[in-house]
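Below: query-v4.cif (mmCIF, C-alpha atoms)
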data_upload
loop_
_atom_site.label_atom_id
_atom_site.label_comp_id
_atom_site.auth_asym_id
_atom_site.auth_seq_id
_atom_site.Cartn_x
_atom_site.Cartn_y
_atom_site.Cartn_z
CA MET M 1 0.00 0.00 0.00
CA THR M 2 1.43 3.35 -0.97
CA GLU M 3 -0.01 6.36 0.73
CA ALA M 4 1.15 9.93 0.67
CA PRO M 5 3.30 10.57 3.71
CA PRO M 6 1.49 12.53 6.41
CA SER M 7 2.28 16.21 6.35
CA GLN M 8 2.74 16.41 10.11
CA SER M 9 6.26 16.45 11.37
CA VAL M 10 7.81 13.13 12.31
CA GLU M 11 7.53 12.09 15.95
CA PRO M 12 10.86 12.42 17.78
CA SER M 13 10.85 8.71 18.52
CA ASP M 14 10.66 7.99 14.79
CA ALA M 15 13.27 10.53 13.84
CA LEU M 16 16.29 8.51 14.87
CA VAL M 17 16.01 5.04 16.30
CA ALA M 18 19.42 3.70 17.15
CA ASP M 19 19.90 -0.01 16.64
CA VAL M 20 23.13 -1.81 17.42
CA PHE M 21 22.13 -4.53 14.95
CA ALA M 22 22.08 -2.08 12.06
CA ARG M 23 25.35 -2.10 10.19
CA GLY M 24 25.53 1.63 9.62
CA CYS M 25 24.30 2.79 13.02
CA ALA M 26 26.78 4.81 15.06
CA SER M 27 25.62 2.93 18.15
CA ARG M 28 27.10 -0.28 16.76
CA GLY M 29 30.52 1.31 16.36
CA ALA M 30 30.31 2.80 19.84
CA LEU M 31 29.35 -0.54 21.36
CA GLU M 32 32.33 -2.09 19.59
CA THR M 33 34.56 0.65 21.02
CA VAL M 34 33.51 0.13 24.64
CA GLY M 35 33.47 -3.68 24.32
CA GLY M 36 37.06 -3.91 23.20
CA LYS M 37 39.39 -5.93 25.41
CA TRP M 38 41.42 -2.95 26.63
CA ALA M 39 38.56 -0.48 26.54
CA ILE M 40 36.55 -2.50 29.08
CA LEU M 41 39.48 -2.59 31.48
CA ALA M 42 40.34 1.10 30.98
CA LEU M 43 36.73 2.11 31.67
CA LEU M 44 36.56 -0.13 34.75
CA ALA M 45 39.81 1.39 36.04
CA LEU M 46 38.52 4.93 35.52
CA ILE M 47 35.52 4.22 37.78
CA GLU M 48 38.11 4.13 40.57
CA GLY M 49 39.15 7.70 39.80
CA ASP M 50 41.15 9.79 37.35
CA TYR M 51 44.35 8.34 36.03
CA ARG M 52 47.50 9.59 34.37
CA PHE M 53 48.55 7.60 31.33
CA ASN M 54 51.34 5.60 32.93
CA ALA M 55 49.38 4.80 36.07
CA LEU M 56 46.49 3.60 33.94
CA ARG M 57 48.88 1.51 31.94
CA ARG M 58 50.10 -0.18 35.12
CA ARG M 59 46.52 -0.74 36.29
CA VAL M 60 45.50 -2.33 32.98
CA GLU M 61 48.11 -5.04 33.34
CA GLY M 62 49.64 -6.19 30.07
CA VAL M 63 48.48 -3.40 27.76
CA SER M 64 51.11 -1.89 25.47
CA GLU M 65 51.64 1.86 25.34
CA LYS M 66 50.40 1.93 21.75
CA MET M 67 47.24 -0.08 22.42
CA LEU M 68 46.33 1.99 25.46
CA ALA M 69 46.85 5.23 23.52
CA GLN M 70 44.65 3.96 20.67
CA THR M 71 42.01 2.77 23.11
CA LEU M 72 41.90 6.10 24.95
CA HIS M 73 41.68 8.06 21.69
CA ALA M 74 38.72 5.97 20.55
CA LEU M 75 37.00 6.36 23.93
CA GLU M 76 37.66 10.11 23.91
CA ARG M 77 36.38 10.44 20.34
CA ASP M 78 33.06 8.81 21.18
CA GLY M 79 32.64 10.95 24.29
CA PHE M 80 33.23 8.32 27.00
CA VAL M 81 36.56 9.59 28.31
CA ARG M 82 37.87 13.09 28.89
CA ARG M 83 41.54 13.91 28.39
CA GLU M 84 42.71 16.91 30.34
CA VAL M 85 46.08 18.60 30.23
CA VAL M 86 46.80 19.90 33.72
CA THR M 87 49.07 22.90 33.37
CA VAL M 88 51.40 22.46 36.25
CA ILE M 89 55.14 22.06 35.85
CA PRO M 90 55.78 19.50 34.55
CA ALA M 91 52.46 19.42 32.66
CA ARG M 92 50.52 16.24 33.05
CA VAL M 93 47.66 14.60 31.21
CA GLU M 94 44.78 13.09 33.13
CA TYR M 95 42.02 10.82 31.93
CA SER M 96 38.58 10.68 33.48
CA LEU M 97 35.11 9.40 32.65
CA THR M 98 32.50 11.73 31.20
CA PRO M 99 28.95 11.35 32.59
CA LEU M 100 28.14 9.07 29.62
CA GLY M 101 31.37 7.16 30.19
CA THR M 102 30.36 6.65 33.82
CA GLU M 103 26.99 5.22 32.77
CA VAL M 104 28.70 2.85 30.36
CA ALA M 105 31.40 1.87 32.85
CA GLU M 106 28.77 1.01 35.46
CA ARG M 107 27.06 -1.35 33.02
CA LEU M 108 30.45 -2.90 32.27
CA ARG M 109 31.10 -3.32 35.96
CA ALA M 110 27.83 -5.23 36.32
CA LEU M 111 28.97 -7.43 33.43
CA ALA M 112 32.43 -7.96 34.91
CA GLU M 113 30.91 -8.90 38.26
CA VAL M 114 28.82 -11.65 36.64
CA VAL M 115 31.88 -12.96 34.86
CA GLU M 116 34.12 -12.79 37.94
CA GLY M 117 31.46 -14.47 40.04
CA SER M 118 31.19 -17.32 37.54
CA VAL M 119 34.85 -17.96 36.97
CA GLU M 120 34.79 -21.49 38.40
CA HIS M 121 31.80 -22.33 36.23
CA ILE M 122 33.55 -20.87 33.16
CA THR M 123 36.77 -22.74 33.87
CA ALA M 124 34.83 -26.00 34.23
CA ALA M 125 32.94 -25.33 30.98
CA ARG M 126 36.22 -24.75 29.16
CA ALA M 127 37.76 -27.92 30.49
CA ALA M 128 34.69 -29.97 29.51
CA TYR M 129 34.62 -28.43 26.04
CA ASP M 130 38.32 -29.06 25.46
CA ALA M 131 37.99 -32.65 26.70
CA ARG M 132 35.21 -33.30 24.17
CA ARG M 133 37.36 -31.87 21.39
CA SER M 134 40.56 -33.77 22.15
CA MET U 1 54.84 -9.46 60.70
CA THR U 2 55.22 -13.11 59.88
CA GLU U 3 52.94 -15.51 61.63
CA ALA U 4 52.42 -19.18 61.07
CA PRO U 5 49.49 -19.70 58.74
CA PRO U 6 46.34 -20.75 60.60
CA SER U 7 45.71 -24.44 60.48
CA GLN U 8 42.02 -23.98 59.68
CA SER U 9 41.02 -24.43 56.08
CA VAL U 10 40.97 -21.37 53.86
CA GLU U 11 37.70 -19.46 53.71
CA PRO U 12 35.88 -20.04 50.43
CA SER U 13 36.03 -16.33 49.68
CA ASP U 14 39.84 -16.42 49.93
CA ALA U 15 40.21 -19.59 47.93
CA LEU U 16 39.68 -18.04 44.52
CA VAL U 17 39.16 -14.37 43.97
CA ALA U 18 38.57 -13.65 40.32
CA ASP U 19 39.90 -10.34 39.04
CA VAL U 20 39.45 -9.17 35.46
CA PHE U 21 42.49 -6.92 35.89
CA ALA U 22 44.76 -9.88 36.56
CA ARG U 23 46.51 -11.02 33.43
CA GLY U 24 46.22 -14.72 34.11
CA CYS U 25 42.67 -14.80 35.47
CA ALA U 26 40.17 -16.80 33.44
CA SER U 27 37.61 -14.06 34.06
CA ARG U 28 39.66 -11.66 31.95
CA GLY U 29 39.60 -14.01 28.99
CA ALA U 30 35.89 -14.62 29.42
CA LEU U 31 35.18 -10.89 29.57
CA GLU U 32 37.17 -10.50 26.37
CA THR U 33 35.11 -13.27 24.77
CA VAL U 34 31.73 -11.73 25.58
CA GLY U 35 32.90 -8.18 24.80
CA GLY U 36 33.96 -9.02 21.25
CA LYS U 37 32.19 -7.15 18.47
CA TRP U 38 30.29 -10.14 17.13
CA ALA U 39 29.87 -11.86 20.48
CA ILE U 40 27.91 -8.93 21.91
CA LEU U 41 25.51 -8.96 18.97
CA ALA U 42 25.15 -12.76 18.97
CA LEU U 43 24.35 -12.75 22.70
CA LEU U 44 21.85 -9.90 22.28
CA ALA U 45 20.17 -11.77 19.44
CA LEU U 46 19.91 -14.95 21.50
CA ILE U 47 17.94 -13.11 24.21
CA GLU U 48 15.19 -12.98 21.58
CA GLY U 49 15.09 -16.77 21.40
CA ASP U 50 16.97 -19.74 19.98
CA TYR U 51 18.50 -19.38 16.56
CA ARG U 52 19.75 -21.64 13.83
CA PHE U 53 23.13 -20.68 12.44
CA ASN U 54 21.95 -19.06 9.23
CA ALA U 55 19.13 -17.16 10.87
CA LEU U 56 21.54 -15.84 13.47
CA ARG U 57 23.89 -14.84 10.72
CA ARG U 58 21.16 -12.80 9.08
CA ARG U 59 20.26 -11.19 12.41
CA VAL U 60 23.86 -10.21 13.12
CA GLU U 61 24.05 -8.14 9.97
CA GLY U 62 27.45 -8.14 8.31
CA VAL U 63 29.11 -11.04 10.12
CA SER U 64 30.92 -13.58 7.96
CA GLU U 65 30.19 -17.28 8.28
CA LYS U 66 33.70 -17.89 9.58
CA MET U 67 33.59 -15.13 12.19
CA LEU U 68 30.18 -16.18 13.47
CA ALA U 69 31.33 -19.80 13.76
CA GLN U 70 34.45 -18.76 15.68
CA THR U 71 32.41 -16.48 17.92
CA LEU U 72 29.88 -19.21 18.74
CA HIS U 73 32.61 -21.74 19.47
CA ALA U 74 34.26 -19.35 21.91
CA LEU U 75 30.93 -18.59 23.60
CA GLU U 76 30.10 -22.28 23.81
CA ARG U 77 33.52 -23.11 25.20
CA ASP U 78 33.16 -20.63 28.06
CA GLY U 79 29.66 -21.88 28.86
CA PHE U 80 27.59 -18.91 27.63
CA VAL U 81 25.95 -20.56 24.64
CA ARG U 82 24.55 -24.04 24.13
CA ARG U 83 24.77 -25.75 20.76
CA GLU U 84 22.17 -28.43 20.24
CA VAL U 85 21.80 -30.80 17.34
CA VAL U 86 18.10 -31.42 16.83
CA THR U 87 17.69 -34.87 15.32
CA VAL U 88 14.91 -34.28 12.89
CA ILE U 89 15.28 -34.85 9.16
CA PRO U 90 17.10 -32.84 7.98
CA ALA U 91 19.05 -32.49 11.23
CA ARG U 92 19.45 -28.93 12.41
CA VAL U 93 21.70 -27.15 14.88
CA GLU U 94 20.25 -24.64 17.27
CA TYR U 95 22.00 -22.14 19.49
CA SER U 96 20.61 -20.88 22.77
CA LEU U 97 21.78 -19.08 25.90
CA THR U 98 22.75 -21.03 28.99
CA PRO U 99 21.58 -19.56 32.33
CA LEU U 100 25.00 -17.90 32.69
CA GLY U 101 24.77 -16.67 29.10
CA THR U 102 21.39 -15.15 29.89
CA GLU U 103 22.83 -13.27 32.86
CA VAL U 104 25.66 -11.96 30.73
CA ALA U 105 23.39 -11.07 27.82
CA GLU U 106 21.10 -9.08 30.11
CA ARG U 107 24.05 -7.00 31.31
CA LEU U 108 25.05 -6.46 27.67
CA ARG U 109 21.53 -5.38 26.85
CA ALA U 110 21.68 -2.76 29.61
CA LEU U 111 24.96 -1.57 28.08
CA ALA U 112 23.55 -1.51 24.54
CA GLU U 113 20.54 0.48 25.74
CA VAL U 114 22.77 3.17 27.20
CA VAL U 115 24.75 3.34 23.96
CA GLU U 116 21.66 3.37 21.74
CA GLY U 117 20.04 6.04 23.91
CA SER U 118 23.12 8.23 23.59
CA VAL U 119 23.73 7.90 19.89
CA GLU U 120 23.14 11.57 19.13
CA HIS U 121 25.51 12.56 21.91
CA ILE U 122 28.12 10.10 20.62
CA THR U 123 27.77 11.31 17.03
CA ALA U 124 28.21 14.90 18.19
CA ALA U 125 31.26 13.98 20.27
CA ARG U 126 32.83 12.27 17.25
CA ALA U 127 32.21 15.25 14.99
CA ALA U 128 33.70 17.64 17.55
CA TYR U 129 36.74 15.42 18.06
CA ASP U 130 37.35 15.06 14.33
CA ALA U 131 36.97 18.82 13.82
CA ARG U 132 39.64 19.48 16.47
CA ARG U 133 41.97 17.05 14.76
CA SER U 134 41.58 18.30 11.21
#

Since I need it in another form, could you write the structure as structure tokens?
Amino acid sequence: MTEAPPSQSVEPSDALVADVFARGCASRGALETVGGKWAILALLALIEGDYRFNALRRRVEGVSEKMLAQTLHALERDGFVRREVVTVIPARVEYSLTPLGTEVAERLRALAEVVEGSVEHITAARAAYDARRS
Amino acid sequence: MTEAPPSQSVEPSDALVADVFARGCASRGALETVGGKWAILALLALIEGDYRFNALRRRVEGVSEKMLAQTLHALERDGFVRREVVTVIPARVEYSLTPLGTEVAERLRALAEVVEGSVEHITAARAAYDARRS
């Protein structure tokens, strides 16, 4: 059925419906950014408080300087992390969560808590799976 | 202060404390598994109900057959997804969430909702960041 589109303006809820399943939706890219291996850990660390680069790198055990820098740029670009140059001598750069970053990090913490609380279950599942495959 | 260790058995809570920040902890690997780009979408899709491979592949728009297979194997190995061969003719394979997978997927849905609800904010942050850089 083809009807002329109504002349009224579009309802706000119809104007832009984000959908992480839609290939071109910015929300999918943003979800990918925050779900990245190092991004999750960086966001979880920043719930604890602001961090300077090297301290954050020590907290996120095992991350390379390059990967952490890339991760923080991506998080800053999407508005989850704020990078602030503190003009003392010597100048230092501090990273903190934006309000949106805090919301996201809290959801990630809930996720991490489920995973941490199930680690014995997960380890057993892995062992059983590997035994079936060998 | 060095004292002889108490002879009582270790408290359960001390026996195994999972920590996603610890390099060797299985919880870190599991968090990485569920946070992967395609894993998040597969888990979100499976909240909707069980899926056969090809239907899931259509739902997770843009995923290759190989990547979806790898993703599902990893999720099955860690105990988040169940793979079941249904012995009808022709036989079919169905994927569903385990109880642990459901818990994880619900946390991911809360995360995705924050991201979807902030897509205009994220898009604006990206544009501002890119403008500063160009």

Would you mind listing what lies within 6 Å of range 99-106 of chain M as a ChimeraX atom specification, with only C-alpha atoms counted and same-chain residues fewer than 6 positions away left out?
-> /M:43-44,80

For Leu68 in chain M, which of M:Ala42, M:Gly49, M:Arg82, M:Ala127 is the closest residue, counting only C-alpha atoms?
->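 Using only C-alpha atoms, the shortest distance to Leu68 in chain M belongs to M:Ala42.
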
Using all atoms listed in the file, which chain M residues lie at most 7 Å away from chain U, written as a ChimeraX atom specification?
-> /M:18-23,26-27,30-32,35-37,41,60-62,77-79,104,107,110-112,114-116,119,122-123,125-126,129

At what distance in Å, to one decimal, does CA of Ser96 in chain M lie from CA of Glu84 in chain M?
->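 That distance, rounded to one decimal, is 8.1 Å.
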
What does the distance between CA of Ile47 in chain M and CA of Thr71 in chain U come to in Å, to one decimal place?
-> 28.9 Å

Grab the CA of Leu46 in chain U to CA of Arg83 in chain U distance for me, in Å with one decimal place.
-> 11.9 Å

Can you turn the PyMOL selection byres ((chain U and resi 93) around 8) into a concrete residue list for this file, as an MDAnalysis selection string?
-> chainID U and resid 52:53 83:86 91:92 94:95

Selected residues written out, C-alpha atoms, as a PDB file, in the frame of the given file:
ATOM      1  CA  ARG U  52      19.750 -21.640  13.830  1.00  0.00           C
ATOM      2  CA  PHE U  53      23.130 -20.680  12.440  1.00  0.00           C
ATOM      3  CA  ARG U  83      24.770 -25.750  20.760  1.00  0.00           C
ATOM      4  CA  GLU U  84      22.170 -28.430  20.240  1.00  0.00           C
ATOM      5  CA  VAL U  85      21.800 -30.800  17.340  1.00  0.00           C
ATOM      6  CA  VAL U  86      18.100 -31.420  16.830  1.00  0.00           C
ATOM      7  CA  ALA U  91      19.050 -32.490  11.230  1.00  0.00           C
ATOM      8  CA  ARG U  92      19.450 -28.930  12.410  1.00  0.00           C
ATOM      9  CA  GLU U  94      20.250 -24.640  17.270  1.00  0.00           C
ATOM     10  CA  TYR U  95      22.000 -22.140  19.490  1.00  0.00           C
TER      11      TYR U  95
END

In terms of only C-alpha atoms, the residue from M:Leu97, M:Gln70, M:Pro90, M:Ser64 at minimal distance from Tyr51 in chain M is M:Leu97
